[in-house]
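Participant: Okay, handing you the structure first.
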Amino acid sequence: MGESVFLSQLVKERVWPRYELSLKRERTRRDYYRYVSRICDCLCCDFLCIDAVMAQGYFYHMESRADGYTPKSLHSMLSALRSFATYIEKNRSIWGLDDYVNPFVGVLVSSYTDNLHMNDIPLPDQVDAILSAALVDTQMYLILLLVLRCGLSVSEVCRLKASCVRQDEAGRFFLEIIKNDGKMRRNVKIPSDILPAVLSFCGECPSDGPLFYNQKGQPLQVRTLQMYFSDLVKSADLGRSFTLQDIRHASIAYMRKGGAEASSVASYTGISERWVYRYNGVLDELTAAPCDYGIIQVRGA
């Protein structure tokens, strides 16, 4: 579906170009614009003419279609439309839309939540079992520590080099994480309890090459690491499977449980602050705080 014929020149040429600058990913821009065009085509009117009754009717229609959308898809669509309308409402004076009110604020769709819950992440004793199984593999053990204690993603782990381990003027060690495009970067403090393992491992690696390798001596790739971890979890005999992403979720959940502000967690782990709410569902379920989370013991690394 292309651009809606019902979209006004004001929206197409002035409002949308300014709004889309707030969307970091090209895919997000395309998806959001498709949602905007779709609702305009369905309602046969410009986006600025949609009122609350029309907005709710549209989602009733989308939900009842024979080829119906999942609750998750509907919530994604609603989130996009609500975001665009909120932007227009906040900046309405710029375009002379003083009477504009976001029509999507009160729209209701089937229940869905992105929030994580306790059964979505490994419990401390399960992480302990995974770490114990990894003790025979120094590399995998260190990878687990970095994911669990620093909240690194799988792709970030695979991009690490020994040169990414840096030291500031105060003597504190941190990881310099650089995105694929080389433009975005953040510094991740290395917790003191895993620092010896990090320095020991990096000391044996050339500074200009990848930090981690596969069994054939080639740079470790995301898919290969995921396979290695899957085999490791099986060897831990937990009775269920987990991914490295689940370990990262556990890391972030425990940061929040320990009292870290959403903005600090977002900055440290490299996620958008608006996604930190996903971990709110875990907080009340967690009975242990980081100070009780005694699974991190650098044994044999």
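Residue names in the structure tokens use chain letters A, B, ... in the order shown, residue numbers from 1 in each chain, and ligand numbers from 1 in the order shown.
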Identify, on the basis of only C-alpha atoms, every residue whose closest approach to segment 85-99 of chain A does not exceed 9 Å; exclude the query and any residue fewer than 4 positions from it along the same chain; express the result as a list in words.
Facilitator: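 Listing them by chain and then by number gives Leu10, Arg14, Val15, Tyr19, Phe47, Leu48, Ala80, Leu81, Pro103, Phe104 and Val105 of chain A.
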Participant: Going by DSSP on the backbone, which bits of segment 6-229 of chain A are alpha helix (DSSP H)? Write them as a ChimeraX atom specification, please.
Facilitator: /A:9-10,16-19,26-43,52-64,71-90,124-134,138-150,154-159,195-202,222-229
Participant: Pick out the residues sitting within 8 Å of Val165 of chain A, and hand them over as a PDB file with N, CA and C atoms, in the first residue's frame; count only C-alpha atoms, and ignore anything fewer than 2 positions along from it in its own chain.
Facilitator:
```
ATOM      1  N   LYS A 161      36.335  -6.147  20.540  1.00  0.00           N
ATOM      2  CA  LYS A 161      37.771  -6.352  20.333  1.00  0.00           C
ATOM      3  C   LYS A 161      38.466  -6.103  21.663  1.00  0.00           C
ATOM      4  N   ALA A 162      39.689  -6.596  21.791  1.00  0.00           N
ATOM      5  CA  ALA A 162      40.436  -6.349  23.025  1.00  0.00           C
ATOM      6  C   ALA A 162      40.623  -4.845  23.229  1.00  0.00           C
ATOM      7  N   SER A 163      40.724  -4.107  22.120  1.00  0.00           N
ATOM      8  CA  SER A 163      40.910  -2.658  22.207  1.00  0.00           C
ATOM      9  C   SER A 163      39.677  -1.940  22.732  1.00  0.00           C
ATOM     10  N   GLN A 167      40.430   2.383  29.742  1.00  0.00           N
ATOM     11  CA  GLN A 167      40.598   2.857  31.118  1.00  0.00           C
ATOM     12  C   GLN A 167      40.544   4.376  31.120  1.00  0.00           C
ATOM     13  N   PHE A 173      37.892   0.915  34.536  1.00  0.00           N
ATOM     14  CA  PHE A 173      37.836   0.208  33.261  1.00  0.00           C
ATOM     15  C   PHE A 173      36.411   0.207  32.710  1.00  0.00           C
ATOM     16  N   PHE A 174      36.321   0.318  31.378  1.00  0.00           N
ATOM     17  CA  PHE A 174      35.012   0.295  30.734  1.00  0.00           C
ATOM     18  C   PHE A 174      35.143  -0.316  29.344  1.00  0.00           C
ATOM     19  N   LEU A 175      34.021  -0.698  28.783  1.00  0.00           N
ATOM     20  CA  LEU A 175      33.959  -1.215  27.419  1.00  0.00           C
ATOM     21  C   LEU A 175      33.438  -0.106  26.515  1.00  0.00           C
ATOM     22  N   GLU A 176      34.126   0.146  25.423  1.00  0.00           N
ATOM     23  CA  GLU A 176      33.638   1.100  24.439  1.00  0.00           C
ATOM     24  C   GLU A 176      32.853   0.310  23.394  1.00  0.00           C
TER      25      GLU A 176
END
```
Participant: Would you mind listing what lies within 9 Å of segment 222-233 of chain A as a tab-separated table (two decimals) with N, CA and C atoms, in the first residue's frame, with only C-alpha atoms counted and same-chain residues fewer than 5 positions away left out?
Facilitator:
```tsv
chain	number	residue	atom	x	y	z
A	129	ALA	N	23.48	-22.48	37.36
A	129	ALA	CA	23.72	-23.77	36.72
A	129	ALA	C	24.34	-23.58	35.33
A	130	ILE	N	23.87	-22.56	34.60
A	130	ILE	CA	24.42	-22.28	33.27
A	130	ILE	C	25.88	-21.84	33.37
A	133	ALA	N	28.10	-24.77	34.12
A	133	ALA	CA	28.33	-25.58	32.93
A	133	ALA	C	29.34	-24.93	32.00
A	134	ALA	N	29.42	-23.60	32.05
A	134	ALA	CA	30.33	-22.86	31.16
A	134	ALA	C	31.75	-22.79	31.68
A	140	MET	N	33.21	-18.85	26.68
A	140	MET	CA	31.78	-18.80	26.91
A	140	MET	C	31.44	-18.27	28.29
A	154	VAL	N	23.81	-9.84	22.03
A	154	VAL	CA	24.60	-10.86	21.34
A	154	VAL	C	25.46	-10.22	20.25
A	155	SER	N	24.89	-9.30	19.49
A	155	SER	CA	25.65	-8.66	18.41
A	155	SER	C	26.79	-7.82	18.97
A	157	VAL	N	28.45	-8.43	21.73
A	157	VAL	CA	29.48	-9.37	22.16
A	157	VAL	C	30.35	-9.77	20.97
A	158	CYS	N	29.71	-10.07	19.85
A	158	CYS	CA	30.44	-10.54	18.67
A	158	CYS	C	31.30	-9.45	18.03
A	214	ASN	N	35.21	-18.62	16.84
A	214	ASN	CA	34.54	-19.92	16.84
A	214	ASN	C	35.57	-21.03	16.92
A	238	LEU	N	18.40	-27.98	32.62
A	238	LEU	CA	17.46	-27.15	33.37
A	238	LEU	C	16.01	-27.56	33.18
A	240	ARG	N	14.28	-26.78	30.60
A	240	ARG	CA	13.71	-25.81	29.66
A	240	ARG	C	14.84	-25.06	28.98
A	241	SER	N	14.53	-24.38	27.92
A	241	SER	CA	15.56	-23.68	27.17
A	241	SER	C	15.56	-22.18	27.50
A	242	PHE	N	16.72	-21.57	27.32
A	242	PHE	CA	16.87	-20.13	27.45
A	242	PHE	C	17.80	-19.66	26.34
A	243	THR	N	17.70	-18.39	26.00
A	243	THR	CA	18.59	-17.78	25.03
A	243	THR	C	19.47	-16.75	25.72
A	244	LEU	N	20.51	-16.30	25.02
A	244	LEU	CA	21.34	-15.23	25.58
A	244	LEU	C	20.53	-13.94	25.76
```
Participant: Find, counting only C-alpha atoms, the residue in A:Gly57, A:Gly270, A:Lys72, A:Val109 that gets nearest to Ile178 of chain A.
Facilitator: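 Selected residue with least distance to Ile178 of chain A: A:Gly270.
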Participant: So how far away is atom CA of Glu20 of chain A from atom CA of Ala52 of chain A, in Å?
Facilitator: 23.3 Å
Participant: Using only C-alpha atoms, which of the listed residues (A:Met77, A:Leu160, A:Val265, A:Ile247) sits closest to Leu123 of chain A?
Facilitator: A:Ile247
Participant: Within segment 3-183 of chain A, find each residue whose DSSP state, derived from the backbone, is strand (DSSP E), and express the selection as an NGL selection string.
Facilitator: :A and (165-167 or 173-178)
Participant: Mind dumping the selected residues with C-alpha atoms as a PDB file, in the first residue's frame?
Facilitator:
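So the final result, stored in again_33.pdb, reads:
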```
ATOM      1  CA  VAL A 165      38.510  -2.455  26.929  1.00  0.00           C
ATOM      2  CA  ARG A 166      39.538   1.040  27.963  1.00  0.00           C
ATOM      3  CA  GLN A 167      40.598   2.857  31.118  1.00  0.00           C
ATOM      4  CA  PHE A 173      37.836   0.208  33.261  1.00  0.00           C
ATOM      5  CA  PHE A 174      35.012   0.295  30.734  1.00  0.00           C
ATOM      6  CA  LEU A 175      33.959  -1.215  27.419  1.00  0.00           C
ATOM      7  CA  GLU A 176      33.638   1.100  24.439  1.00  0.00           C
ATOM      8  CA  ILE A 177      30.665  -0.236  22.487  1.00  0.00           C
ATOM      9  CA  ILE A 178      30.475   0.935  18.882  1.00  0.00           C
TER      10      ILE A 178
END
```
